[in-house]
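Asker: My structure file upload_6.txt, compact mmCIF, N, CA and C atoms, is below:
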```txt
# COMPACT_ATOMS: atom_id res chain seq x y z
N MET S 20 -24.83 -0.42 -8.53
CA MET S 20 -24.04 0.75 -8.84
C MET S 20 -24.78 1.56 -9.91
N SER S 21 -24.91 2.85 -9.69
CA SER S 21 -25.62 3.70 -10.64
C SER S 21 -24.77 3.95 -11.88
N ILE S 22 -25.40 4.45 -12.93
CA ILE S 22 -24.69 4.76 -14.17
C ILE S 22 -23.62 5.81 -13.93
N LEU S 23 -23.93 6.82 -13.09
CA LEU S 23 -22.96 7.87 -12.80
C LEU S 23 -21.73 7.28 -12.09
N GLU S 24 -21.96 6.37 -11.13
CA GLU S 24 -20.84 5.73 -10.43
C GLU S 24 -20.00 4.90 -11.41
N GLN S 25 -20.66 4.21 -12.35
CA GLN S 25 -19.92 3.41 -13.33
C GLN S 25 -19.08 4.30 -14.22
N LEU S 26 -19.64 5.44 -14.65
CA LEU S 26 -18.87 6.38 -15.47
C LEU S 26 -17.68 6.93 -14.70
N ASN S 27 -17.89 7.25 -13.42
CA ASN S 27 -16.78 7.73 -12.59
C ASN S 27 -15.71 6.67 -12.47
N ASP S 28 -16.11 5.42 -12.27
CA ASP S 28 -15.15 4.33 -12.16
C ASP S 28 -14.30 4.22 -13.43
N VAL S 29 -14.95 4.27 -14.60
CA VAL S 29 -14.23 4.15 -15.87
C VAL S 29 -13.27 5.32 -16.05
N SER S 30 -13.73 6.55 -15.75
CA SER S 30 -12.86 7.70 -15.93
C SER S 30 -11.71 7.68 -14.94
N MET S 31 -11.95 7.16 -13.72
CA MET S 31 -10.87 7.11 -12.73
C MET S 31 -9.81 6.10 -13.15
N ARG S 32 -10.20 5.02 -13.83
CA ARG S 32 -9.22 4.01 -14.24
C ARG S 32 -8.27 4.54 -15.29
N ASN S 33 -8.67 5.58 -15.99
CA ASN S 33 -7.81 6.16 -17.01
C ASN S 33 -6.81 7.16 -16.42
N ASN S 34 -6.98 7.53 -15.17
CA ASN S 34 -6.06 8.48 -14.53
C ASN S 34 -4.77 7.77 -14.14
N GLU S 35 -3.67 8.29 -14.59
CA GLU S 35 -2.38 7.74 -14.23
C GLU S 35 -1.96 8.20 -12.84
N ILE S 36 -1.26 7.35 -12.13
CA ILE S 36 -0.71 7.72 -10.83
C ILE S 36 0.72 8.18 -11.08
N GLU S 37 0.95 9.48 -10.92
CA GLU S 37 2.25 10.06 -11.21
C GLU S 37 3.13 10.15 -9.96
N SER S 38 2.52 10.49 -8.82
CA SER S 38 3.32 10.62 -7.60
C SER S 38 2.50 10.16 -6.40
N ILE S 39 3.20 9.58 -5.45
CA ILE S 39 2.56 9.13 -4.21
C ILE S 39 3.41 9.60 -3.04
N ARG S 40 2.78 10.32 -2.13
CA ARG S 40 3.43 10.72 -0.88
C ARG S 40 2.74 9.95 0.24
N LEU S 41 3.51 9.21 1.01
CA LEU S 41 3.00 8.47 2.15
C LEU S 41 3.40 9.23 3.41
N ILE S 42 2.43 9.77 4.11
CA ILE S 42 2.71 10.60 5.30
C ILE S 42 2.37 9.77 6.53
N ASP S 43 3.37 9.61 7.40
CA ASP S 43 3.21 8.74 8.56
C ASP S 43 3.77 9.40 9.82
N HIS S 44 3.45 8.79 10.97
CA HIS S 44 3.98 9.23 12.27
C HIS S 44 5.47 8.97 12.37
N PRO S 45 6.17 9.69 13.22
CA PRO S 45 7.56 9.34 13.52
C PRO S 45 7.60 7.95 14.18
N LYS S 46 8.66 7.21 13.97
CA LYS S 46 8.79 5.89 14.58
C LYS S 46 8.72 6.00 16.09
N GLY S 47 8.00 5.06 16.70
CA GLY S 47 7.85 5.05 18.15
C GLY S 47 6.66 5.83 18.65
N PHE S 48 5.95 6.51 17.76
CA PHE S 48 4.81 7.32 18.18
C PHE S 48 3.47 6.71 17.76
N GLU S 49 3.49 5.47 17.33
CA GLU S 49 2.24 4.84 16.94
C GLU S 49 2.10 3.50 17.64
N LEU S 50 0.88 3.06 17.77
CA LEU S 50 0.62 1.75 18.35
C LEU S 50 0.65 0.70 17.25
N LEU S 51 0.61 -0.56 17.65
CA LEU S 51 0.77 -1.67 16.72
C LEU S 51 -0.18 -1.63 15.52
N PRO S 52 -1.49 -1.37 15.68
CA PRO S 52 -2.36 -1.37 14.49
C PRO S 52 -1.93 -0.35 13.44
N SER S 53 -1.48 0.81 13.85
CA SER S 53 -1.03 1.83 12.89
C SER S 53 0.23 1.37 12.16
N ARG S 54 1.14 0.74 12.90
CA ARG S 54 2.36 0.23 12.28
C ARG S 54 2.05 -0.87 11.28
N CYS S 55 1.13 -1.76 11.65
CA CYS S 55 0.75 -2.86 10.75
C CYS S 55 0.09 -2.32 9.50
N GLU S 56 -0.77 -1.33 9.65
CA GLU S 56 -1.45 -0.76 8.49
C GLU S 56 -0.44 -0.08 7.57
N ALA S 57 0.52 0.63 8.13
CA ALA S 57 1.54 1.29 7.32
C ALA S 57 2.37 0.26 6.55
N THR S 58 2.73 -0.83 7.20
CA THR S 58 3.50 -1.89 6.54
C THR S 58 2.68 -2.53 5.43
N SER S 59 1.39 -2.77 5.69
CA SER S 59 0.52 -3.37 4.68
C SER S 59 0.42 -2.47 3.45
N ILE S 60 0.30 -1.18 3.69
CA ILE S 60 0.19 -0.23 2.59
C ILE S 60 1.47 -0.22 1.75
N LYS S 61 2.62 -0.22 2.42
CA LYS S 61 3.89 -0.22 1.69
C LYS S 61 4.03 -1.48 0.84
N VAL S 62 3.65 -2.62 1.41
CA VAL S 62 3.74 -3.89 0.67
C VAL S 62 2.80 -3.86 -0.54
N LEU S 63 1.58 -3.37 -0.36
CA LEU S 63 0.64 -3.30 -1.46
C LEU S 63 1.15 -2.40 -2.59
N LEU S 64 1.66 -1.25 -2.24
CA LEU S 64 2.21 -0.34 -3.26
C LEU S 64 3.37 -1.00 -4.01
N GLU S 65 4.24 -1.68 -3.27
CA GLU S 65 5.39 -2.33 -3.90
C GLU S 65 4.96 -3.50 -4.78
N LYS S 66 3.93 -4.25 -4.38
CA LYS S 66 3.42 -5.36 -5.20
C LYS S 66 2.88 -4.85 -6.53
N HIS S 67 2.34 -3.64 -6.54
CA HIS S 67 1.83 -3.05 -7.76
C HIS S 67 2.91 -2.30 -8.54
N GLY S 68 4.12 -2.25 -8.00
CA GLY S 68 5.21 -1.56 -8.67
C GLY S 68 5.08 -0.05 -8.62
N LEU S 69 4.39 0.47 -7.61
CA LEU S 69 4.19 1.91 -7.47
C LEU S 69 5.23 2.47 -6.50
N SER S 70 5.99 3.44 -6.95
CA SER S 70 6.98 4.05 -6.06
C SER S 70 6.32 5.16 -5.26
N TYR S 71 6.85 5.40 -4.09
CA TYR S 71 6.28 6.40 -3.19
C TYR S 71 7.40 7.03 -2.37
N GLN S 72 7.11 8.22 -1.86
CA GLN S 72 8.04 8.90 -0.97
C GLN S 72 7.42 8.95 0.41
N VAL S 73 8.19 8.60 1.42
CA VAL S 73 7.71 8.63 2.80
C VAL S 73 8.05 9.98 3.40
N GLU S 74 7.05 10.60 4.02
CA GLU S 74 7.25 11.85 4.76
C GLU S 74 6.80 11.60 6.19
N ILE S 75 7.62 11.97 7.14
CA ILE S 75 7.30 11.80 8.55
C ILE S 75 6.79 13.14 9.09
N LYS S 76 5.58 13.11 9.63
CA LYS S 76 5.00 14.32 10.21
C LYS S 76 4.32 13.95 11.52
N SER S 77 4.42 14.84 12.50
CA SER S 77 3.81 14.56 13.80
C SER S 77 2.32 14.88 13.83
N ASN S 78 1.80 15.52 12.80
CA ASN S 78 0.39 15.92 12.82
C ASN S 78 -0.45 15.14 11.82
N VAL S 79 -0.13 13.87 11.61
CA VAL S 79 -0.85 13.06 10.63
C VAL S 79 -2.34 12.99 10.95
N GLU S 80 -2.69 12.97 12.23
CA GLU S 80 -4.11 12.87 12.59
C GLU S 80 -4.92 14.07 12.12
N TYR S 81 -4.27 15.20 11.91
CA TYR S 81 -4.97 16.38 11.41
C TYR S 81 -5.06 16.39 9.88
N ILE S 82 -4.23 15.60 9.23
CA ILE S 82 -4.26 15.50 7.77
C ILE S 82 -5.27 14.44 7.34
N SER S 83 -5.42 13.39 8.15
CA SER S 83 -6.30 12.27 7.80
C SER S 83 -7.75 12.73 7.73
N THR S 84 -8.45 12.27 6.70
CA THR S 84 -9.85 12.62 6.51
C THR S 84 -10.80 11.67 7.23
N ASN S 85 -10.29 10.50 7.65
CA ASN S 85 -11.16 9.52 8.30
C ASN S 85 -10.58 8.93 9.58
N GLY S 86 -9.47 9.49 10.07
CA GLY S 86 -8.86 9.01 11.30
C GLY S 86 -7.94 7.82 11.12
N ARG S 87 -7.75 7.35 9.89
CA ARG S 87 -6.86 6.21 9.62
C ARG S 87 -5.50 6.72 9.19
N PHE S 88 -4.49 5.90 9.47
CA PHE S 88 -3.11 6.24 9.13
C PHE S 88 -2.48 5.08 8.39
N PRO S 89 -1.47 5.32 7.62
CA PRO S 89 -0.94 6.61 7.21
C PRO S 89 -1.82 7.27 6.15
N VAL S 90 -1.44 8.48 5.79
CA VAL S 90 -2.16 9.25 4.78
C VAL S 90 -1.35 9.17 3.48
N LEU S 91 -2.03 8.91 2.39
CA LEU S 91 -1.39 8.89 1.08
C LEU S 91 -1.96 10.02 0.23
N ILE S 92 -1.08 10.74 -0.44
CA ILE S 92 -1.51 11.80 -1.35
C ILE S 92 -1.05 11.41 -2.74
N PHE S 93 -2.04 11.22 -3.63
CA PHE S 93 -1.77 10.82 -5.01
C PHE S 93 -1.85 12.04 -5.92
N ASN S 94 -0.82 12.21 -6.73
CA ASN S 94 -0.77 13.29 -7.73
C ASN S 94 -1.05 14.67 -7.12
N GLU S 95 -0.75 14.83 -5.85
CA GLU S 95 -0.93 16.10 -5.13
C GLU S 95 -2.39 16.54 -5.04
N THR S 96 -3.34 15.66 -5.38
CA THR S 96 -4.75 16.06 -5.34
C THR S 96 -5.63 15.11 -4.53
N ASP S 97 -5.39 13.81 -4.62
CA ASP S 97 -6.25 12.82 -3.98
C ASP S 97 -5.65 12.37 -2.65
N ILE S 98 -6.44 12.50 -1.58
CA ILE S 98 -6.00 12.07 -0.26
C ILE S 98 -6.71 10.77 0.08
N VAL S 99 -5.93 9.74 0.41
CA VAL S 99 -6.45 8.43 0.76
C VAL S 99 -5.86 8.05 2.11
N CYS S 100 -6.73 7.61 3.03
CA CYS S 100 -6.28 7.32 4.39
C CYS S 100 -6.63 5.88 4.77
N GLY S 101 -5.62 5.10 5.09
CA GLY S 101 -5.84 3.74 5.55
C GLY S 101 -5.83 2.71 4.44
N PHE S 102 -5.65 1.45 4.84
CA PHE S 102 -5.48 0.34 3.91
C PHE S 102 -6.73 0.09 3.07
N SER S 103 -7.90 0.02 3.69
CA SER S 103 -9.13 -0.29 2.96
C SER S 103 -9.42 0.75 1.89
N GLU S 104 -9.24 2.01 2.24
CA GLU S 104 -9.47 3.08 1.27
C GLU S 104 -8.45 3.01 0.12
N LEU S 105 -7.21 2.61 0.45
CA LEU S 105 -6.19 2.48 -0.60
C LEU S 105 -6.57 1.38 -1.58
N VAL S 106 -7.04 0.25 -1.07
CA VAL S 106 -7.44 -0.85 -1.96
C VAL S 106 -8.56 -0.39 -2.89
N LYS S 107 -9.55 0.32 -2.37
CA LYS S 107 -10.65 0.84 -3.21
C LYS S 107 -10.12 1.82 -4.25
N TYR S 108 -9.25 2.72 -3.83
CA TYR S 108 -8.69 3.73 -4.73
C TYR S 108 -7.92 3.07 -5.87
N LEU S 109 -7.07 2.11 -5.54
CA LEU S 109 -6.28 1.44 -6.57
C LEU S 109 -7.16 0.61 -7.49
N TRP S 110 -8.17 -0.04 -6.94
CA TRP S 110 -9.07 -0.85 -7.76
C TRP S 110 -9.77 0.01 -8.81
N LYS S 111 -10.18 1.21 -8.40
CA LYS S 111 -10.85 2.12 -9.35
C LYS S 111 -9.92 2.53 -10.48
N ARG S 112 -8.63 2.41 -10.27
CA ARG S 112 -7.65 2.77 -11.29
C ARG S 112 -7.10 1.55 -12.01
N GLY S 113 -7.72 0.40 -11.78
CA GLY S 113 -7.33 -0.81 -12.51
C GLY S 113 -6.25 -1.65 -11.86
N TYR S 114 -5.88 -1.35 -10.63
CA TYR S 114 -4.88 -2.14 -9.92
C TYR S 114 -5.59 -3.15 -9.02
N SER S 115 -5.28 -4.43 -9.21
CA SER S 115 -5.90 -5.46 -8.38
C SER S 115 -4.95 -6.64 -8.27
N LEU S 116 -4.79 -7.16 -7.07
CA LEU S 116 -3.99 -8.36 -6.87
C LEU S 116 -4.86 -9.61 -6.90
N SER S 117 -6.17 -9.43 -6.92
CA SER S 117 -7.06 -10.60 -6.83
C SER S 117 -7.73 -10.94 -8.16
N GLU S 118 -7.42 -10.22 -9.22
CA GLU S 118 -8.13 -10.44 -10.48
C GLU S 118 -7.91 -11.83 -11.06
N LYS S 119 -6.78 -12.46 -10.79
CA LYS S 119 -6.50 -13.78 -11.34
C LYS S 119 -6.84 -14.92 -10.38
N LEU S 120 -7.41 -14.57 -9.23
CA LEU S 120 -7.77 -15.60 -8.27
C LEU S 120 -9.07 -16.29 -8.65
N THR S 121 -9.19 -17.56 -8.27
CA THR S 121 -10.46 -18.26 -8.46
C THR S 121 -11.45 -17.76 -7.42
N GLN S 122 -12.71 -18.11 -7.61
CA GLN S 122 -13.74 -17.70 -6.66
C GLN S 122 -13.45 -18.25 -5.26
N THR S 123 -12.96 -19.47 -5.18
CA THR S 123 -12.61 -20.08 -3.89
C THR S 123 -11.48 -19.32 -3.22
N GLU S 124 -10.46 -18.94 -3.99
CA GLU S 124 -9.34 -18.18 -3.45
C GLU S 124 -9.79 -16.80 -2.97
N LYS S 125 -10.72 -16.19 -3.70
CA LYS S 125 -11.25 -14.89 -3.27
C LYS S 125 -12.02 -15.03 -1.97
N CYS S 126 -12.78 -16.10 -1.82
CA CYS S 126 -13.50 -16.35 -0.56
C CYS S 126 -12.52 -16.56 0.59
N ASP S 127 -11.46 -17.31 0.33
CA ASP S 127 -10.44 -17.51 1.35
C ASP S 127 -9.81 -16.18 1.76
N MET S 128 -9.52 -15.34 0.76
CA MET S 128 -8.93 -14.03 1.03
C MET S 128 -9.87 -13.19 1.90
N ASP S 129 -11.18 -13.23 1.60
CA ASP S 129 -12.15 -12.49 2.40
C ASP S 129 -12.17 -12.99 3.84
N ILE S 130 -12.06 -14.30 4.02
CA ILE S 130 -12.04 -14.88 5.37
C ILE S 130 -10.80 -14.43 6.12
N TYR S 131 -9.64 -14.47 5.46
CA TYR S 131 -8.40 -14.03 6.11
C TYR S 131 -8.46 -12.55 6.47
N THR S 132 -9.03 -11.76 5.58
CA THR S 132 -9.18 -10.32 5.84
C THR S 132 -10.07 -10.08 7.05
N ALA S 133 -11.18 -10.81 7.13
CA ALA S 133 -12.08 -10.68 8.28
C ALA S 133 -11.37 -11.10 9.57
N LEU S 134 -10.56 -12.14 9.50
CA LEU S 134 -9.80 -12.59 10.67
C LEU S 134 -8.82 -11.51 11.13
N ILE S 135 -8.15 -10.89 10.18
CA ILE S 135 -7.20 -9.83 10.52
C ILE S 135 -7.91 -8.65 11.18
N LYS S 136 -9.09 -8.30 10.68
CA LYS S 136 -9.88 -7.22 11.30
C LYS S 136 -10.23 -7.57 12.74
N ARG S 137 -10.58 -8.84 12.98
CA ARG S 137 -10.89 -9.28 14.35
C ARG S 137 -9.65 -9.20 15.24
N LEU S 138 -8.51 -9.59 14.69
CA LEU S 138 -7.27 -9.52 15.45
C LEU S 138 -6.90 -8.07 15.77
N GLU S 139 -7.19 -7.16 14.85
CA GLU S 139 -6.93 -5.74 15.10
C GLU S 139 -7.77 -5.26 16.28
N ALA S 140 -9.04 -5.66 16.30
CA ALA S 140 -9.91 -5.28 17.42
C ALA S 140 -9.39 -5.89 18.72
N LEU S 141 -8.91 -7.11 18.67
CA LEU S 141 -8.34 -7.76 19.85
C LEU S 141 -7.10 -7.02 20.34
N GLU S 142 -6.25 -6.60 19.39
CA GLU S 142 -5.04 -5.87 19.76
C GLU S 142 -5.39 -4.54 20.42
N LEU S 143 -6.38 -3.84 19.89
CA LEU S 143 -6.81 -2.59 20.50
C LEU S 143 -7.34 -2.83 21.91
N PHE S 144 -8.10 -3.90 22.07
CA PHE S 144 -8.63 -4.26 23.38
C PHE S 144 -7.48 -4.50 24.37
N THR S 145 -6.50 -5.31 23.96
CA THR S 145 -5.40 -5.62 24.88
C THR S 145 -4.53 -4.39 25.15
N SER S 146 -4.41 -3.49 24.17
CA SER S 146 -3.59 -2.29 24.38
C SER S 146 -4.20 -1.33 25.38
N TRP S 147 -5.51 -1.22 25.36
CA TRP S 147 -6.17 -0.20 26.18
C TRP S 147 -6.85 -0.75 27.43
N LEU S 148 -7.26 -2.01 27.43
CA LEU S 148 -8.08 -2.51 28.53
C LEU S 148 -7.41 -3.56 29.41
N ILE S 149 -6.30 -4.11 28.99
CA ILE S 149 -5.53 -5.02 29.85
C ILE S 149 -4.54 -4.15 30.63
N GLU S 150 -4.72 -4.11 31.93
CA GLU S 150 -4.00 -3.15 32.79
C GLU S 150 -2.49 -3.17 32.58
N ASP S 151 -1.89 -4.36 32.56
CA ASP S 151 -0.43 -4.45 32.43
C ASP S 151 0.04 -3.89 31.09
N ASN S 152 -0.64 -4.23 30.01
CA ASN S 152 -0.28 -3.69 28.69
C ASN S 152 -0.46 -2.18 28.64
N TYR S 153 -1.57 -1.73 29.17
CA TYR S 153 -1.85 -0.29 29.16
C TYR S 153 -0.75 0.47 29.92
N THR S 154 -0.41 -0.02 31.11
CA THR S 154 0.57 0.66 31.97
C THR S 154 1.97 0.67 31.36
N HIS S 155 2.39 -0.46 30.79
CA HIS S 155 3.77 -0.59 30.35
C HIS S 155 4.01 -0.31 28.86
N VAL S 156 2.96 -0.31 28.05
CA VAL S 156 3.16 -0.10 26.61
C VAL S 156 2.38 1.11 26.11
N THR S 157 1.07 1.07 26.25
CA THR S 157 0.21 2.10 25.65
C THR S 157 0.42 3.47 26.29
N LEU S 158 0.36 3.54 27.60
CA LEU S 158 0.48 4.82 28.29
C LEU S 158 1.82 5.51 28.02
N PRO S 159 2.96 4.80 28.11
CA PRO S 159 4.23 5.48 27.78
C PRO S 159 4.26 6.01 26.33
N CYS S 160 3.68 5.25 25.40
CA CYS S 160 3.64 5.70 24.01
C CYS S 160 2.79 6.96 23.87
N VAL S 161 1.64 6.98 24.50
CA VAL S 161 0.75 8.14 24.43
C VAL S 161 1.39 9.35 25.10
N ARG S 162 2.04 9.15 26.23
CA ARG S 162 2.69 10.27 26.93
C ARG S 162 3.83 10.84 26.09
N THR S 163 4.59 9.97 25.44
CA THR S 163 5.67 10.43 24.58
C THR S 163 5.11 11.26 23.43
N LEU S 164 4.03 10.78 22.84
CA LEU S 164 3.40 11.51 21.74
C LEU S 164 2.87 12.85 22.21
N GLU S 165 2.25 12.90 23.38
CA GLU S 165 1.73 14.17 23.91
C GLU S 165 2.86 15.17 24.12
N ARG S 166 3.97 14.71 24.71
CA ARG S 166 5.12 15.62 24.92
C ARG S 166 5.66 16.12 23.58
N TYR S 167 5.73 15.21 22.61
CA TYR S 167 6.25 15.57 21.30
C TYR S 167 5.35 16.61 20.63
N LEU S 168 4.05 16.45 20.75
CA LEU S 168 3.11 17.37 20.10
C LEU S 168 3.07 18.75 20.79
N HIS S 169 3.32 18.78 22.10
CA HIS S 169 3.21 20.05 22.83
C HIS S 169 4.52 20.81 22.92
N ASP S 170 5.61 20.21 22.49
CA ASP S 170 6.92 20.91 22.53
C ASP S 170 7.10 21.80 21.33
```
Using structure tokens, write down the structure from this file.
Answerer:
Amino acid sequence: MSILEQLNDVSMRNNEIESIRLIDHPKGFELLPSRCEATSIKVLLEKHGLSYQVEIKSNVEYISTNGRFPVLIFNETDIVCGFSELVKYLWKRGYSLSEKLTQTEKCDMDIYTALIKRLEALELFTSWLIEDNYTHVTLPCVRTLERYLHD
């Protein structure tokens, strides 16, 4: 990490989080990975004691800077999209759930995280490439979303 990055990290940790807006899809318009990510984000914010307001918008994909959902807006200036980016953002501000873990526990956490990422890829595969799932779950969800966006 360069000296400039270290200085940025220190200055970011001094910034207070005053408001958090969590912008998400309407219920029923997202697939399982998006729902899981939204739930993970809510749990993480609550574990840190950070309050947030949920806003439902149908155009979240146009607000997201990296294609991940939901979108979080901190202090009306910082946009953070997705769980991984949220963890990095909070860490830079001094929020961490792993600081008291032993090295072994941190390794276990990394393994579980990697497993969850693999399961997410598996879920995407089954949603889009297994014919029965695609026909009965994914396609109706996508069609509903398309109708909602074009009305």
Asker: One decimal, Å: what's the distance from CA of Leu91 in chain S over to CA of Lys125 in chain S, could you say?
Answerer: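 Interatomic distance, CA of Leu91 in chain S to CA of Lys125 in chain S: 26.1 Å.
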Asker: What are the DSSP strand (DSSP E or B) residues of range 45-152 of chain S, as a PDB file with N, CA and C atoms, keeping the file's coordinate frame?
Answerer:
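Now in out.pdb:
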```
ATOM      1  N   GLN S  72       7.110   8.220  -1.860  1.00  0.00           N
ATOM      2  CA  GLN S  72       8.040   8.900  -0.970  1.00  0.00           C
ATOM      3  C   GLN S  72       7.420   8.950   0.410  1.00  0.00           C
ATOM      4  N   VAL S  73       8.190   8.600   1.420  1.00  0.00           N
ATOM      5  CA  VAL S  73       7.710   8.630   2.800  1.00  0.00           C
ATOM      6  C   VAL S  73       8.050   9.980   3.400  1.00  0.00           C
ATOM      7  N   GLU S  74       7.050  10.600   4.020  1.00  0.00           N
ATOM      8  CA  GLU S  74       7.250  11.850   4.760  1.00  0.00           C
ATOM      9  C   GLU S  74       6.800  11.600   6.190  1.00  0.00           C
ATOM     10  N   ILE S  75       7.620  11.970   7.140  1.00  0.00           N
ATOM     11  CA  ILE S  75       7.300  11.800   8.550  1.00  0.00           C
ATOM     12  C   ILE S  75       6.790  13.140   9.090  1.00  0.00           C
ATOM     13  N   VAL S  90      -1.440   8.480   5.790  1.00  0.00           N
ATOM     14  CA  VAL S  90      -2.160   9.250   4.780  1.00  0.00           C
ATOM     15  C   VAL S  90      -1.350   9.170   3.480  1.00  0.00           C
ATOM     16  N   LEU S  91      -2.030   8.910   2.390  1.00  0.00           N
ATOM     17  CA  LEU S  91      -1.390   8.890   1.080  1.00  0.00           C
ATOM     18  C   LEU S  91      -1.960  10.020   0.230  1.00  0.00           C
ATOM     19  N   ILE S  92      -1.080  10.740  -0.440  1.00  0.00           N
ATOM     20  CA  ILE S  92      -1.510  11.800  -1.350  1.00  0.00           C
ATOM     21  C   ILE S  92      -1.050  11.410  -2.740  1.00  0.00           C
ATOM     22  N   PHE S  93      -2.040  11.220  -3.630  1.00  0.00           N
ATOM     23  CA  PHE S  93      -1.770  10.820  -5.010  1.00  0.00           C
ATOM     24  C   PHE S  93      -1.850  12.040  -5.920  1.00  0.00           C
ATOM     25  N   ASP S  97      -5.390  13.810  -4.620  1.00  0.00           N
ATOM     26  CA  ASP S  97      -6.250  12.820  -3.980  1.00  0.00           C
ATOM     27  C   ASP S  97      -5.650  12.370  -2.650  1.00  0.00           C
ATOM     28  N   ILE S  98      -6.440  12.500  -1.580  1.00  0.00           N
ATOM     29  CA  ILE S  98      -6.000  12.070  -0.260  1.00  0.00           C
ATOM     30  C   ILE S  98      -6.710  10.770   0.080  1.00  0.00           C
ATOM     31  N   VAL S  99      -5.930   9.740   0.410  1.00  0.00           N
ATOM     32  CA  VAL S  99      -6.450   8.430   0.760  1.00  0.00           C
ATOM     33  C   VAL S  99      -5.860   8.050   2.110  1.00  0.00           C
ATOM     34  N   CYS S 100      -6.730   7.610   3.030  1.00  0.00           N
ATOM     35  CA  CYS S 100      -6.280   7.320   4.390  1.00  0.00           C
ATOM     36  C   CYS S 100      -6.630   5.880   4.770  1.00  0.00           C
TER      37      CYS S 100
END
```
Asker: Skip range 156-159 of chain S itself and residues of its chain fewer than 4 positions away, then list as a PDB file with N, CA and C atoms, in the frame of the given file all residues within 8 Å of it, counting only N, CA and C atoms.
Answerer:
```
ATOM      1  N   LEU S  50       0.880   3.060  17.770  1.00  0.00           N
ATOM      2  CA  LEU S  50       0.620   1.750  18.350  1.00  0.00           C
ATOM      3  C   LEU S  50       0.650   0.700  17.250  1.00  0.00           C
ATOM      4  N   THR S 145      -6.500  -5.310  23.960  1.00  0.00           N
ATOM      5  CA  THR S 145      -5.400  -5.620  24.880  1.00  0.00           C
ATOM      6  C   THR S 145      -4.530  -4.390  25.150  1.00  0.00           C
ATOM      7  N   SER S 146      -4.410  -3.490  24.170  1.00  0.00           N
ATOM      8  CA  SER S 146      -3.590  -2.290  24.380  1.00  0.00           C
ATOM      9  C   SER S 146      -4.200  -1.330  25.380  1.00  0.00           C
ATOM     10  N   TRP S 147      -5.510  -1.220  25.360  1.00  0.00           N
ATOM     11  CA  TRP S 147      -6.170  -0.200  26.180  1.00  0.00           C
ATOM     12  C   TRP S 147      -6.850  -0.750  27.430  1.00  0.00           C
ATOM     13  N   GLU S 150      -4.720  -4.110  31.930  1.00  0.00           N
ATOM     14  CA  GLU S 150      -4.000  -3.150  32.790  1.00  0.00           C
ATOM     15  C   GLU S 150      -2.490  -3.170  32.580  1.00  0.00           C
ATOM     16  N   ASP S 151      -1.890  -4.360  32.560  1.00  0.00           N
ATOM     17  CA  ASP S 151      -0.430  -4.450  32.430  1.00  0.00           C
ATOM     18  C   ASP S 151       0.040  -3.890  31.090  1.00  0.00           C
ATOM     19  N   ASN S 152      -0.640  -4.230  30.010  1.00  0.00           N
ATOM     20  CA  ASN S 152      -0.280  -3.690  28.690  1.00  0.00           C
ATOM     21  C   ASN S 152      -0.460  -2.180  28.640  1.00  0.00           C
ATOM     22  N   THR S 163       4.590   9.970  25.440  1.00  0.00           N
ATOM     23  CA  THR S 163       5.670  10.430  24.580  1.00  0.00           C
ATOM     24  C   THR S 163       5.110  11.260  23.430  1.00  0.00           C
ATOM     25  N   LEU S 164       4.030  10.780  22.840  1.00  0.00           N
ATOM     26  CA  LEU S 164       3.400  11.510  21.740  1.00  0.00           C
ATOM     27  C   LEU S 164       2.870  12.850  22.210  1.00  0.00           C
ATOM     28  N   GLU S 165       2.250  12.900  23.380  1.00  0.00           N
ATOM     29  CA  GLU S 165       1.730  14.170  23.910  1.00  0.00           C
ATOM     30  C   GLU S 165       2.860  15.170  24.120  1.00  0.00           C
TER      31      GLU S 165
END
```
Asker: In Å, how far is it from CA of Lys111 in chain S to atom C of Arg137 in chain S?
Answerer: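 Value for the CA of Lys111 in chain S-atom C of Arg137 in chain S distance: 27.1 Å.
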Asker: Enter the distance from atom C of Asn78 in chain S to atom N of Cys100 in chain S, in Å, rounded to one decimal.
Answerer: 13.2 Å
Asker: Would you please work out which residue, of S:Gly86, S:Leu51, S:Ile42, S:Asp97, is nearest to Glu74 in chain S when using all atoms listed in the file?
Answerer: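 Comparing S:Gly86, S:Leu51, S:Ile42, S:Asp97 against Glu74 in chain S, the winner is S:Ile42.
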Asker: Write out as a ChimeraX atom specification all residues of range 52-164 of chain S that DSSP puts in alpha helix (DSSP H) for this structure's backbone.
Answerer: /S:52-66,79-82,102-111,122-148,150-152,158-164
Asker: Which is closest to Cys55 in chain S among S:Phe88, S:Tyr153, S:Tyr108, S:Phe144, if we use all atoms listed in the file?
Answerer: S:Phe88
Asker: For each of S:Lys119, S:Arg166, S:Lys46, S:His155, take the minimum atom-to-atom distance to Lys76 in chain S, counting only C-alpha atoms, then give the residue where this is smallest.
Answerer: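 Nearest to Lys76 in chain S: S:Lys46.
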Asker: Of the candidates S:Leu116, S:Tyr71, S:Val90, S:Ile149, which one gets nearest to Glu104 in chain S if we count only C-alpha atoms?
Answerer: S:Val90
Asker: Could you check the closest approach to Leu41 in chain S for each of S:Arg54, S:Trp110, S:Gly68, S:Phe93 and tell me which residue wins, using only C-alpha atoms?
Answerer: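 Nearest candidate to Leu41 in chain S out of S:Arg54, S:Trp110, S:Gly68, S:Phe93: S:Phe93.
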Asker: If we count all atoms listed in the file, what is near His67 in chain S at a cut-off of 8 Å, once residues fewer than 6 positions away on the same chain are taken out, given as a list of chain:residue names?
Answerer: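 After dropping sequence-adjacent residues, the list is S:Lys61, S:Tyr114, S:Ser115, S:Leu116.
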Asker: Considering only C-alpha atoms, return as a list in words whatever protein or nucleic-acid residues lie within 8 Å of Pro89 in chain S, sequence-local ones (same chain, fewer than 5 positions apart) excluded.
Answerer: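 Here the qualifying residues turn out to be Leu41, Ile42, Asp43, His44, Ser53, Glu56, Ala57, Val79, Ser83, Cys100 and Gly101 of chain S.
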